[in-house]
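Source file start-v2.txt; content: compact mmCIF, C-alpha atoms and all ligand atoms.
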# COMPACT_ATOMS: atom_id res chain seq x y z
CA LEU V 1 80.13 103.25 111.37
CA VAL V 2 79.68 103.13 107.61
CA ALA V 3 79.01 106.89 107.46
CA ARG V 4 82.21 107.53 109.38
CA LEU V 5 84.31 105.29 107.16
CA GLU V 6 82.84 106.80 104.03
CA ASN V 7 83.67 110.25 105.32
CA TYR V 8 87.26 109.20 105.98
CA ILE V 9 87.73 107.94 102.46
CA ALA V 10 86.55 111.30 101.16
CA VAL V 11 88.99 113.28 103.32
CA LEU V 12 91.92 110.89 103.15
CA LEU V 13 94.26 113.60 101.93
CA ALA V 14 93.50 115.85 104.90
CA ILE V 15 93.89 113.00 107.40
CA LYS V 16 97.24 111.96 105.97
CA SER V 17 98.56 115.50 105.67
CA LEU V 18 97.55 116.25 109.24
CA THR V 19 99.05 112.88 110.27
CA ALA V 20 95.83 112.27 112.12
CA GLU V 21 95.73 108.54 111.34
CA SER V 22 96.15 107.31 114.89
CA ALA V 23 93.54 109.68 116.34
CA GLU V 24 91.10 108.73 113.59
CA ARG V 25 91.91 105.05 114.01
CA GLU V 26 90.89 105.36 117.65
CA ARG V 27 87.64 107.01 116.67
CA VAL V 28 86.88 104.21 114.20
CA ALA V 29 87.81 101.68 116.88
CA ALA V 30 85.41 103.38 119.32
CA ALA V 31 82.57 103.43 116.79
CA SER V 32 83.35 99.87 115.82
CA ASP V 33 83.36 98.82 119.43
CA ALA V 34 80.02 100.50 120.09
CA TYR V 35 78.61 98.62 117.12
CA ARG V 36 80.03 95.34 118.39
CA VAL V 37 78.56 95.86 121.86
CA ALA V 38 75.13 96.75 120.45
CA ASN V 39 75.22 93.71 118.19
CA HIS V 40 76.32 91.50 121.05
CA GLU V 41 73.39 92.71 123.11
CA ALA V 42 71.02 92.06 120.21
CA ILE V 43 72.34 88.52 119.85
CA ARG V 44 72.09 87.94 123.59
CA LEU V 45 68.43 88.97 123.57
CA GLN V 46 67.87 86.80 120.52
CA THR V 47 69.31 83.75 122.22
CA VAL V 48 66.82 84.21 125.05
CA PHE V 49 63.87 85.17 122.92
CA ILE V 50 63.93 82.40 120.32
CA PRO V 51 64.27 79.42 122.72
CA VAL V 52 61.41 80.89 124.82
CA ILE V 53 59.17 80.94 121.77
CA ARG V 54 60.22 77.43 120.82
CA MET V 55 59.64 76.21 124.33
CA ALA V 56 56.17 77.74 124.42
CA ILE V 57 55.35 76.05 121.12
CA ALA V 58 56.67 72.70 122.27
CA LEU V 59 54.72 72.92 125.54
CA GLY V 60 51.59 73.86 123.63
CA PHE V 61 52.04 70.89 121.32
CA ALA V 62 52.69 68.48 124.19
CA GLY V 63 49.68 69.90 126.08
CA SER V 64 47.35 69.48 123.14
CA LEU V 65 48.53 65.87 122.68
CA VAL V 66 47.95 65.08 126.36
CA ILE V 67 44.50 66.68 126.47
CA GLY V 68 43.62 65.24 123.07
CA GLY V 69 44.82 61.79 124.25
CA VAL V 70 42.57 61.98 127.31
CA TRP V 71 39.60 63.07 125.18
CA ALA V 72 40.30 60.28 122.69
CA VAL V 73 40.44 57.68 125.48
CA ARG V 74 37.14 59.05 126.84
CA GLY V 75 35.72 58.84 123.34
CA ASP V 76 35.00 62.60 123.08
CA VAL V 77 37.06 62.90 119.89
CA ALA V 78 37.91 60.30 117.30
CA ALA V 79 41.56 59.13 117.26
CA SER V 80 41.72 60.08 113.56
CA THR V 81 40.74 63.68 114.40
CA LEU V 82 43.50 63.83 116.98
CA VAL V 83 46.08 62.54 114.46
CA LEU V 84 44.92 65.06 111.85
CA PHE V 85 45.05 67.84 114.43
CA GLY V 86 48.59 66.82 115.42
CA MET V 87 49.76 66.87 111.82
CA MET V 88 48.27 70.29 111.20
CA ILE V 89 49.88 71.65 114.33
CA GLN V 90 53.22 70.31 113.05
CA ARG V 91 52.67 72.23 109.83
CA ILE V 92 52.22 75.57 111.53
CA LEU V 93 55.03 75.08 114.06
CA TRP V 94 57.76 76.11 111.65
CA PRO V 95 56.09 79.38 110.63
CA MET V 96 55.52 80.11 114.32
CA THR V 97 59.20 79.68 115.17
CA ARG V 98 60.13 81.80 112.14
CA LEU V 99 57.95 84.52 113.59
CA GLY V 100 60.58 85.26 116.23
CA THR V 101 63.33 85.91 113.68
CA THR V 102 60.94 87.77 111.44
CA PHE V 103 60.02 90.03 114.32
CA ASP V 104 63.70 90.70 114.94
CA GLU V 105 64.29 91.54 111.29
CA TYR V 106 61.24 93.75 111.30
CA GLN V 107 62.58 95.69 114.27
CA ARG V 108 65.92 96.25 112.53
CA ALA V 109 64.28 97.35 109.28
CA HIS V 110 61.92 99.55 111.21
CA SER V 111 64.66 101.48 112.96
CA SER V 112 66.66 101.86 109.72
CA ALA V 113 63.58 103.04 107.83
CA ALA V 114 62.73 105.50 110.59
CA ARG V 115 66.13 107.14 110.18
CA ILE V 116 65.91 107.26 106.40
CA PHE V 117 62.39 108.65 106.36
CA SER V 118 63.10 111.25 109.02
CA LEU V 119 65.64 112.62 106.54
CA LEU V 120 63.50 112.20 103.41
CA ASP V 121 60.45 113.70 105.06
CA THR V 122 62.22 116.88 106.12
CA PRO V 123 60.41 119.51 104.10
CA PRO V 124 62.71 121.88 102.16
CA ARG V 125 62.63 125.31 103.76
CA VAL V 126 62.44 127.00 100.41
CA GLN V 127 59.24 126.02 98.62
CA ASP V 128 57.42 127.25 95.57
CA ALA V 129 54.49 129.44 96.53
CA PRO V 130 51.15 127.79 95.59
CA ASP V 131 50.60 130.57 93.08
CA ALA V 132 54.22 130.64 91.83
CA LEU V 133 54.41 131.94 88.29
CA ALA V 134 56.42 130.72 85.36
CA LEU V 135 59.47 132.76 84.49
CA GLY V 136 60.50 132.94 80.87
CA ASP V 137 63.77 134.33 79.57
CA VAL V 138 64.76 137.37 81.57
CA ARG V 139 66.77 140.41 80.52
CA GLY V 140 68.98 139.89 83.52
CA GLU V 141 68.41 142.79 85.86
CA VAL V 142 69.32 141.75 89.40
CA ALA V 143 68.25 143.88 92.34
CA PHE V 144 68.79 143.34 96.06
CA ASP V 145 66.50 145.67 97.93
CA ALA V 146 67.41 146.19 101.60
CA VAL V 147 68.04 142.46 101.97
CA ARG V 148 68.48 141.14 105.48
CA PHE V 149 69.60 137.59 106.01
CA ARG V 150 71.10 135.25 108.55
CA TYR V 151 71.60 131.49 108.61
CA GLY V 152 69.11 130.02 111.05
CA ARG V 153 69.64 131.74 114.37
CA GLY V 154 73.19 132.76 113.54
CA ASN V 155 74.60 136.25 113.23
CA VAL V 156 73.17 138.65 110.71
CA VAL V 157 75.12 138.08 107.48
CA LEU V 158 73.47 140.60 105.16
CA ASP V 159 72.23 143.71 106.84
CA GLY V 160 70.08 145.83 104.57
CA LEU V 161 72.05 145.06 101.43
CA THR V 162 70.97 147.09 98.43
CA LEU V 163 72.44 146.74 94.98
CA CYS V 164 71.27 146.77 91.42
CA VAL V 165 72.91 145.19 88.42
CA ALA V 166 71.72 146.26 84.99
CA PRO V 167 71.15 143.71 82.20
CA GLY V 168 74.42 142.90 80.47
CA GLU V 169 76.55 144.52 83.13
CA THR V 170 79.61 142.77 84.57
CA VAL V 171 79.85 143.43 88.27
CA GLY V 172 82.67 142.30 90.50
CA ILE V 173 82.00 141.60 94.14
CA ALA V 174 84.91 142.03 96.49
CA GLY V 175 85.34 142.17 100.21
CA PRO V 176 87.11 140.46 103.07
CA THR V 177 86.46 136.82 103.91
CA GLY V 178 83.12 136.35 105.65
CA ALA V 179 81.68 139.57 104.23
CA GLY V 180 78.75 137.65 102.72
CA LYS V 181 79.82 137.37 99.08
CA SER V 182 78.95 133.71 98.63
CA THR V 183 75.77 134.19 100.64
CA LEU V 184 74.68 136.74 98.07
CA ILE V 185 74.93 134.11 95.35
CA LYS V 186 73.05 131.51 97.41
CA LEU V 187 70.21 133.98 97.84
CA LEU V 188 70.19 134.76 94.14
CA LEU V 189 69.76 131.05 93.40
CA ARG V 190 67.13 131.02 96.12
CA LEU V 191 68.79 128.27 98.09
CA TYR V 192 67.64 130.32 101.08
CA ASP V 193 64.90 132.91 101.48
CA VAL V 194 65.68 136.42 102.63
CA ASP V 195 64.58 137.41 106.14
CA GLY V 196 63.80 140.96 105.16
CA GLY V 197 63.69 143.10 102.02
CA ALA V 198 63.44 141.50 98.61
CA LEU V 199 65.50 140.11 95.78
CA ARG V 200 64.20 140.80 92.31
CA ILE V 201 65.12 139.65 88.85
CA ASP V 202 63.71 141.86 86.12
CA GLY V 203 61.60 143.44 88.83
CA ARG V 204 60.02 140.14 89.87
CA ASP V 205 60.49 138.88 93.40
CA VAL V 206 62.29 135.53 93.26
CA ARG V 207 59.77 134.16 95.76
CA SER V 208 56.91 134.73 93.33
CA VAL V 209 58.30 132.55 90.54
CA ARG V 210 59.03 128.85 90.21
CA GLN V 211 62.45 127.88 91.53
CA HIS V 212 63.10 125.67 88.53
CA ASP V 213 62.46 128.53 86.11
CA LEU V 214 64.56 130.89 88.19
CA ARG V 215 67.60 128.58 88.24
CA ARG V 216 67.39 128.00 84.51
CA GLN V 217 68.13 131.67 84.08
CA ILE V 218 71.35 131.48 86.06
CA ALA V 219 74.57 129.71 85.14
CA VAL V 220 76.98 129.20 88.00
CA VAL V 221 80.66 128.43 88.04
CA THR V 222 81.74 127.48 91.54
CA GLN V 223 84.83 126.05 93.14
CA ASP V 224 83.56 122.52 93.51
CA VAL V 225 82.79 121.22 90.06
CA TYR V 226 80.47 118.27 89.68
CA LEU V 227 81.86 115.80 87.19
CA PHE V 228 80.25 112.47 86.41
CA HIS V 229 81.55 109.28 84.86
CA GLY V 230 81.20 109.98 81.16
CA THR V 231 83.05 111.63 78.30
CA ILE V 232 84.38 115.17 78.38
CA ARG V 233 81.84 116.00 75.73
CA GLU V 234 78.97 114.69 77.87
CA ASN V 235 80.28 116.53 80.89
CA ILE V 236 80.34 119.84 79.04
CA ALA V 237 77.00 119.17 77.36
CA TYR V 238 75.51 118.62 80.82
CA GLY V 239 75.12 122.39 81.06
CA LEU V 240 72.38 122.13 78.48
CA SER V 241 71.14 118.55 78.64
CA ALA V 242 70.99 118.28 82.44
CA ASP V 243 67.29 118.90 82.97
CA GLY V 244 66.10 117.11 79.89
CA GLY V 245 67.07 119.91 77.55
CA ARG V 246 68.43 119.26 74.10
CA GLU V 247 71.73 117.54 73.45
CA PRO V 248 74.12 120.11 71.95
CA GLY V 249 76.12 119.30 68.84
CA LEU V 250 79.88 118.75 68.96
CA ASP V 251 80.52 122.15 67.35
CA GLU V 252 78.71 123.90 70.19
CA VAL V 253 80.64 121.91 72.78
CA VAL V 254 83.93 122.75 71.06
CA HIS V 255 83.01 126.43 70.87
CA ALA V 256 82.27 126.53 74.61
CA ALA V 257 85.50 124.67 75.36
CA ARG V 258 87.46 127.14 73.25
CA VAL V 259 86.07 130.16 75.07
CA ALA V 260 86.82 128.45 78.40
CA HIS V 261 90.35 127.56 77.24
CA LEU V 262 89.76 123.86 77.69
CA HIS V 263 89.97 123.03 74.00
CA GLU V 264 93.79 123.05 73.78
CA PHE V 265 94.00 120.46 76.54
CA VAL V 266 91.28 118.24 75.06
CA GLU V 267 93.15 118.30 71.74
CA THR V 268 96.15 116.66 73.39
CA LEU V 269 94.10 113.65 74.48
CA PRO V 270 94.10 110.67 72.08
CA ALA V 271 90.33 110.27 72.33
CA GLY V 272 89.69 114.04 72.43
CA TYR V 273 86.18 114.93 73.49
CA GLU V 274 85.29 111.25 73.83
CA THR V 275 87.79 110.74 76.67
CA ILE V 276 86.18 109.34 79.76
CA VAL V 277 86.46 111.54 82.84
CA GLY V 278 86.83 110.21 86.36
CA GLU V 279 87.27 106.74 87.69
CA ARG V 280 88.46 104.71 84.76
CA GLY V 281 89.37 107.71 82.63
CA ILE V 282 91.60 110.71 82.91
CA LYS V 283 91.63 112.73 86.07
CA LEU V 284 91.34 116.47 85.57
CA SER V 285 93.40 118.96 87.51
CA GLY V 286 91.69 121.65 89.59
CA GLY V 287 92.24 124.20 86.84
CA GLN V 288 90.94 121.88 84.12
CA ARG V 289 87.83 121.10 86.13
CA GLN V 290 87.18 124.78 86.50
CA ARG V 291 87.61 125.39 82.78
CA LEU V 292 85.15 122.59 82.14
CA SER V 293 82.72 124.22 84.52
CA ILE V 294 83.08 127.52 82.66
CA ALA V 295 82.50 125.73 79.33
CA ARG V 296 79.37 124.21 80.80
CA ALA V 297 78.11 127.61 81.93
CA ILE V 298 78.83 129.13 78.52
CA LEU V 299 76.84 126.37 76.86
CA LYS V 300 73.89 126.97 79.15
CA ARG V 301 73.74 130.53 77.81
CA ALA V 302 71.74 131.78 80.74
CA PRO V 303 71.02 135.51 80.92
CA ILE V 304 72.72 135.66 84.32
CA LEU V 305 76.19 134.27 84.86
CA VAL V 306 77.70 133.83 88.29
CA LEU V 307 81.36 133.13 88.77
CA ASP V 308 82.01 132.33 92.40
CA GLU V 309 85.72 132.37 93.13
CA ALA V 310 85.90 131.10 89.62
CA THR V 311 89.61 131.39 89.16
CA SER V 312 90.68 130.34 92.62
CA SER V 313 92.07 126.96 91.70
CA VAL V 314 93.49 127.78 88.30
CA ASP V 315 97.10 128.71 87.87
CA THR V 316 98.15 132.30 87.22
CA GLU V 317 98.58 131.67 83.51
CA THR V 318 95.05 130.29 83.17
CA GLU V 319 93.72 133.08 85.30
CA ARG V 320 95.23 135.62 82.97
CA GLU V 321 93.75 133.84 79.95
CA ILE V 322 90.34 133.66 81.53
CA GLN V 323 90.59 137.30 82.53
CA GLU V 324 91.42 138.29 78.99
CA ASN V 325 88.56 136.13 77.86
CA LEU V 326 86.17 137.40 80.46
CA ALA V 327 84.57 139.77 78.01
CA ARG V 328 83.83 136.82 75.71
CA ILE V 329 82.65 134.62 78.56
CA THR V 330 80.30 137.26 79.88
CA ALA V 331 79.22 138.60 76.51
CA GLY V 332 75.50 139.19 76.30
CA CYS V 333 74.74 138.30 79.89
CA THR V 334 74.61 139.90 83.28
CA ALA V 335 77.65 138.69 85.15
CA LEU V 336 78.29 138.62 88.85
CA ILE V 337 81.85 137.74 89.66
CA VAL V 338 82.71 136.98 93.24
CA ALA V 339 86.45 137.27 93.55
CA HIS V 340 89.02 136.86 96.20
CA ARG V 341 91.80 137.61 93.78
CA LEU V 342 90.95 141.13 92.82
CA SER V 343 92.87 140.92 89.56
CA THR V 344 89.99 138.82 88.20
CA ILE V 345 87.51 141.65 88.51
CA ARG V 346 89.88 144.45 87.62
CA HIS V 347 88.15 145.06 84.32
CA ALA V 348 84.59 144.68 85.56
CA ASP V 349 82.15 147.46 84.64
CA ARG V 350 81.65 148.10 88.31
CA ILE V 351 82.96 146.67 91.55
CA LEU V 352 80.92 146.41 94.71
CA VAL V 353 82.84 146.09 97.94
CA LEU V 354 81.05 144.23 100.68
CA ASP V 355 81.84 144.45 104.34
CA GLU V 356 79.77 143.11 107.21
CA GLY V 357 76.82 142.48 104.94
CA ARG V 358 76.63 145.90 103.32
CA VAL V 359 77.97 147.55 100.21
CA VAL V 360 80.58 149.93 101.54
CA GLU V 361 82.23 151.03 98.31
CA GLU V 362 81.28 151.00 94.68
CA GLY V 363 83.00 152.01 91.49
CA ARG V 364 85.58 151.07 88.89
CA HIS V 365 88.87 149.53 89.88
CA ASP V 366 91.04 152.58 89.35
CA ASP V 367 88.65 154.90 91.18
CA LEU V 368 88.41 152.55 94.15
CA VAL V 369 92.17 152.18 94.38
CA ALA V 370 92.52 155.97 94.21
CA ARG V 371 89.93 156.42 96.93
CA GLY V 372 92.17 154.67 99.45
CA GLY V 373 89.39 152.79 101.27
CA LEU V 374 88.81 149.11 102.01
CA TYR V 375 89.22 148.05 98.38
CA ALA V 376 92.50 149.90 98.09
CA ASP V 377 93.71 148.11 101.22
CA LEU V 378 92.75 144.71 99.84
CA TRP V 379 94.31 145.56 96.50
CA ASN V 380 97.57 146.78 98.00
CA VAL V 381 97.93 143.64 100.08
CA GLN V 382 97.22 141.39 97.10
CA SER V 383 99.40 143.21 94.64
CA GLY V 384 102.24 143.19 97.13
CA ASN V 385 102.41 146.96 97.56
CA VAL V 386 102.29 146.62 101.33
CA ALA V 387 103.39 143.81 103.54
CA VAL V 388 100.68 142.00 105.48
CA ALA V 389 100.89 143.15 109.08
P1 LIG O 401 82.38 135.29 101.90
O1 LIG O 401 81.93 134.56 100.68
O2 LIG O 401 82.32 136.78 101.73
O3 LIG O 401 83.73 134.88 102.40
P2 LIG O 401 80.13 133.99 103.13
O4 LIG O 401 78.96 134.55 102.42
O5 LIG O 401 80.56 132.62 102.77
O6 LIG O 401 81.36 135.00 103.08
O7 LIG O 401 79.83 133.97 104.70
C1 LIG O 401 79.32 135.09 105.39
C2 LIG O 401 79.05 134.69 106.82
O8 LIG O 401 78.04 133.70 106.89
C3 LIG O 401 80.26 134.11 107.54
O9 LIG O 401 80.32 134.68 108.81
C4 LIG O 401 79.98 132.64 107.63
O10 LIG O 401 80.48 132.12 108.83
C5 LIG O 401 78.46 132.56 107.60
N1 LIG O 401 77.99 131.37 106.88
C6 LIG O 401 78.26 131.06 105.60
N2 LIG O 401 77.63 129.91 105.23
C7 LIG O 401 76.95 129.50 106.33
C8 LIG O 401 76.08 128.38 106.61
N3 LIG O 401 75.78 127.47 105.68
N4 LIG O 401 75.56 128.29 107.85
C9 LIG O 401 75.83 129.22 108.79
N5 LIG O 401 76.62 130.28 108.59
C10 LIG O 401 77.18 130.43 107.39

With the file now loaded, output its structure as C-alpha cells.
Ligand code: ADP
Amino acid sequence: LVARLENYIAVLLAIKSLTAESAERERVAAASDAYRVANHEAIRLQTVFIPVIRMAIALGFAGSLVIGGVWAVRGDVAASTLVLFGMMIQRILWPMTRLGTTFDEYQRAHSSAARIFSLLDTPPRVQDAPDALALGDVRGEVAFDAVRFRYGRGNVVLDGLTLCVAPGETVGIAGPTGAGKSTLIKLLLRLYDVDGGALRIDGRDVRSVRQHDLRRQIAVVTQDVYLFHGTIRENIAYGLSADGGREPGLDEVVHAARVAHLHEFVETLPAGYETIVGERGIKLSGGQRQRLSIARAILKRAPILVLDEATSSVDTETEREIQENLARITAGCTALIVAHRLSTIRHADRILVLDEGRVVEEGRHDDLVARGGLYADLWNVQSGNVAVA
C-alpha cells in the first residue's frame, strides 16, 4: 500500500493530466481494503491465540497450587516451599503471556525482513571478474566489436554491432526510436554485459577491468538529472567529489558552469552559487537541470563523454548555444552524442546511423543527407522538408 501511494506521489502530474484520479482512487481503495482484511484476520487470530495462552497459564498455575496443596497437606513438601514456588510462578507468568505478542511481532518482522533481504541478496548480474585489473586514465578509444545483445530473453537489440571511435573524436549516433542507441551507452558503462562479441576501451575488454575504474573514465549527461538538496555549487562539484574525489574550487565550478551556459542564470540568483537547490530552495527548469548536468560532466573531465539525448529538454535557444559550444564541451575527449534532434550532431566529426541494432550508414552530415538514405529521411522529416506521412 505504501509503495503504491509513494508511486502515485511521484507521478501525480501524469495522473492529473490523464484525469485518472477516480480509477487510481479505486486501486488505492482495493489495496487499502486488502490490507484491512489481512489486518482484521491477523487481529482475529490474535484474539484467539492470546487468551488460549493465558488460559493455559492460569490452568497450569491453578493445577500446581492444587497438587502442591495436596502434597503440603500430606507433608511431602513444606508449606513455605509451596508459597515460594507460587511466588516464583507469578514472576514468570507475565513474561510467558508476553511471549504470545512477541511471537506475533516476530512473525511480522520476519516476513518484512524476508522481503527486504530477498531484494538485497539479489546478486548484481554484472560483477567484477576475480582477476579484474585496474584501469588508469585512458586515451579514449571506444570499440564495439560484433556486439550482440538483448535484454533478458527479449528480442535481439544489437545484432553484430561494430564501430570504432578514435580518441578525441566526436561521434553522433542517430537512428529511429528503438534502434538501440541508449542501449549502446548502457553497454559502454557496463550496466549490462554483452551476449556476444566484445566492447573495448583502449583495446581492453570492459569485462577485464574494474567497473569502478571504467566508470570513472566516462562522464554521462542523461535526460534525468540527479540533483540533491544542497547548493548549486555542491551539485556541480558532485561531478568530481562524488566518489570521495577532491572538492573543486569555486573558479573551476564557475568555469564548468560557463561552458555549460549555466553561469548567466546563476548570476541572476541573489545567493549565486550558494543557492540551495530542490525542496526548500529554487527549483530548476528542465533546461537548467540539463545545463547543470553538463557542467558536472565537464568538471569530471573524463576522457570519454557521453551525451544521451542531452539537449532534449532544453529550449531551442539553449540547444543552439550548446551546439555552438559543443566543440568546447567535447574538447580533448572522445564524445559520443546520442541525438534524437539531428541538429545537435550536425557538426560531429562522424555520424553513425543505427537501425535494428546495426550501423547502417556512416559519414558526415552533408554526405549522409546527400546519400538519400535513412539519415536523409530522418533529417528531412525533422527539418520540415517533408511532411510526416
Ligand atoms: P533508442 O535509444 O535507439 O530509442 P533503446 O536502446 O532505448 O533505443 O532500445 C532498443 C530496444 O531495446 C527497444 O526495442 C526497447 O524496447 C528495448 N529495451 C530498452 N531498454 C530495455 C530494458 N531495460 N528492458 C527490456 N528491453 C529494453

Which residue, V:Ser80, V:Thr102, V:Asn7, V:Gln90, has the smallest gap to Gly60 in chain V when you use only C-alpha atoms?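 Selected residue with least distance to Gly60 in chain V: V:Gln90.
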
Could you state the separation of CA of Ala38 in chain V and CA of Arg108 in chain V in Å, given to one decimal place? 12.2 Å

Go through V:Glu169, V:Asp159, V:Glu234, V:Glu324 and flag the residue nearest Glu356 in chain V, using only C-alpha atoms for the distances.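 Smallest distance to Glu356 in chain V is found for V:Asp159.
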
Pick from V:Gly384, V:Pro176, V:Gly272, V:Gly372, whichever lies nearest to Gly357 in chain V using only C-alpha atoms: V:Pro176

Just want the residues within 8 Å of ligand LIG 401 (chain O), written as a ChimeraX atom specification, counting all atoms listed in the file. /V:150-152,154-157,174-184,338,354,357

Best match for closeness to Gln288 in chain V among V:His255, V:Arg98, V:His261, V:Lys186, counting all atoms listed in the file: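 Of V:His255, V:Arg98, V:His261, V:Lys186, the one nearest Gln288 in chain V, counting all atoms listed in the file, is V:His261.
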
Might you pull out every residue within 12 Å of Ile9 in chain V, with all atoms listed in the file counted and same-chain residues fewer than 6 positions away left off, and present them as a PyMOL selection string? chain V and resi 2-3+15-16+21+24

Counting all atoms listed in the file, which of V:Val353, V:Val253, V:Leu82, V:Leu368 gets nearest to Val70 in chain V?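 Ranked by minimum distance to Val70 in chain V, first place goes to V:Leu82.
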
Show me the residues around (80.9, 120.1, 79.4) - criterion: an atom at most 6 Å away, all atoms listed in the file counted - as a ChimeraX atom specification. /V:233-238,292,295-296

Can I get the selection written as a CSV table (one decimal), keeping the file's coordinate frame, with C-alpha atoms?
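Final output, out-v2.csv:
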chain,number,residue,atom,x,y,z
V,233,ARG,CA,81.8,116.0,75.7
V,234,GLU,CA,79.0,114.7,77.9
V,235,ASN,CA,80.3,116.5,80.9
V,236,ILE,CA,80.3,119.8,79.0
V,237,ALA,CA,77.0,119.2,77.4
V,238,TYR,CA,75.5,118.6,80.8
V,292,LEU,CA,85.2,122.6,82.1
V,295,ALA,CA,82.5,125.7,79.3
V,296,ARG,CA,79.4,124.2,80.8

Please measure the separation of CA of Ala271 in chain V and CA of Asp224 in chain V, giving the value in Å to one decimal.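 CA of Asp224 in chain V lies at a distance of 25.4 Å from CA of Ala271 in chain V.
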
So what do you get for CA of Arg215 in chain V versus CA of Gly136 in chain V, distance-wise?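 We find that CA of Arg215 in chain V and CA of Gly136 in chain V lie 11.1 Å from each other.
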
Considering only C-alpha atoms, return as a PyMOL selection string whatever protein or nucleic-acid residues lie within 12 Å of Ala256 in chain V, sequence-local ones (same chain, fewer than 6 positions apart) excluded. chain V and resi 233+235-237+239-240+248-250+262-263+291-301+325+328-329

Skip Gly373 in chain V itself and residues of its chain fewer than 4 positions away, then list as a list of chain:residue names all residues within 12 Å of it, counting all atoms listed in the file.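 Residues meeting the cut-off are V:Gly175, V:Val353, V:Leu354, V:Asp355, V:Val360, V:Glu361, V:Glu362, V:Gly363, V:His365, V:Asp367, V:Leu368, V:Val369, V:Asp377, V:Leu378, V:Trp379, V:Asn380.
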
Residue selection dump (C-alpha atoms) as a tab-separated table (two decimals), in the frame of the given file:
chain	number	residue	atom	x	y	z
V	175	GLY	CA	85.34	142.17	100.21
V	353	VAL	CA	82.84	146.09	97.94
V	354	LEU	CA	81.05	144.23	100.68
V	355	ASP	CA	81.84	144.45	104.34
V	360	VAL	CA	80.58	149.93	101.54
V	361	GLU	CA	82.23	151.03	98.31
V	362	GLU	CA	81.28	151.00	94.68
V	363	GLY	CA	83.00	152.01	91.49
V	365	HIS	CA	88.87	149.53	89.88
V	367	ASP	CA	88.65	154.90	91.18
V	368	LEU	CA	88.41	152.55	94.15
V	369	VAL	CA	92.17	152.18	94.38
V	377	ASP	CA	93.71	148.11	101.22
V	378	LEU	CA	92.75	144.71	99.84
V	379	TRP	CA	94.31	145.56	96.50
V	380	ASN	CA	97.57	146.78	98.00

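Across V:Leu18, V:Leu326, V:Ile116, V:Leu307, the tightest approach to Ile173 in chain V is made by V:Leu307 when counting all atoms listed in the file.
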
Around (67.6, 142.9, 90.2), as given in the file, which residues come within 8 Å? Count all atoms listed in the file and list them as a VMD selection string. chain V and resid 140 to 144 163 to 166 199 to 203

Would you mind listing what lies within 7 Å of Pro303 in chain V as JSON, numbers by chain, with only C-alpha atoms counted and same-chain residues fewer than 5 positions away left out? {"V": [138, 139, 140, 217, 218, 333, 334]}
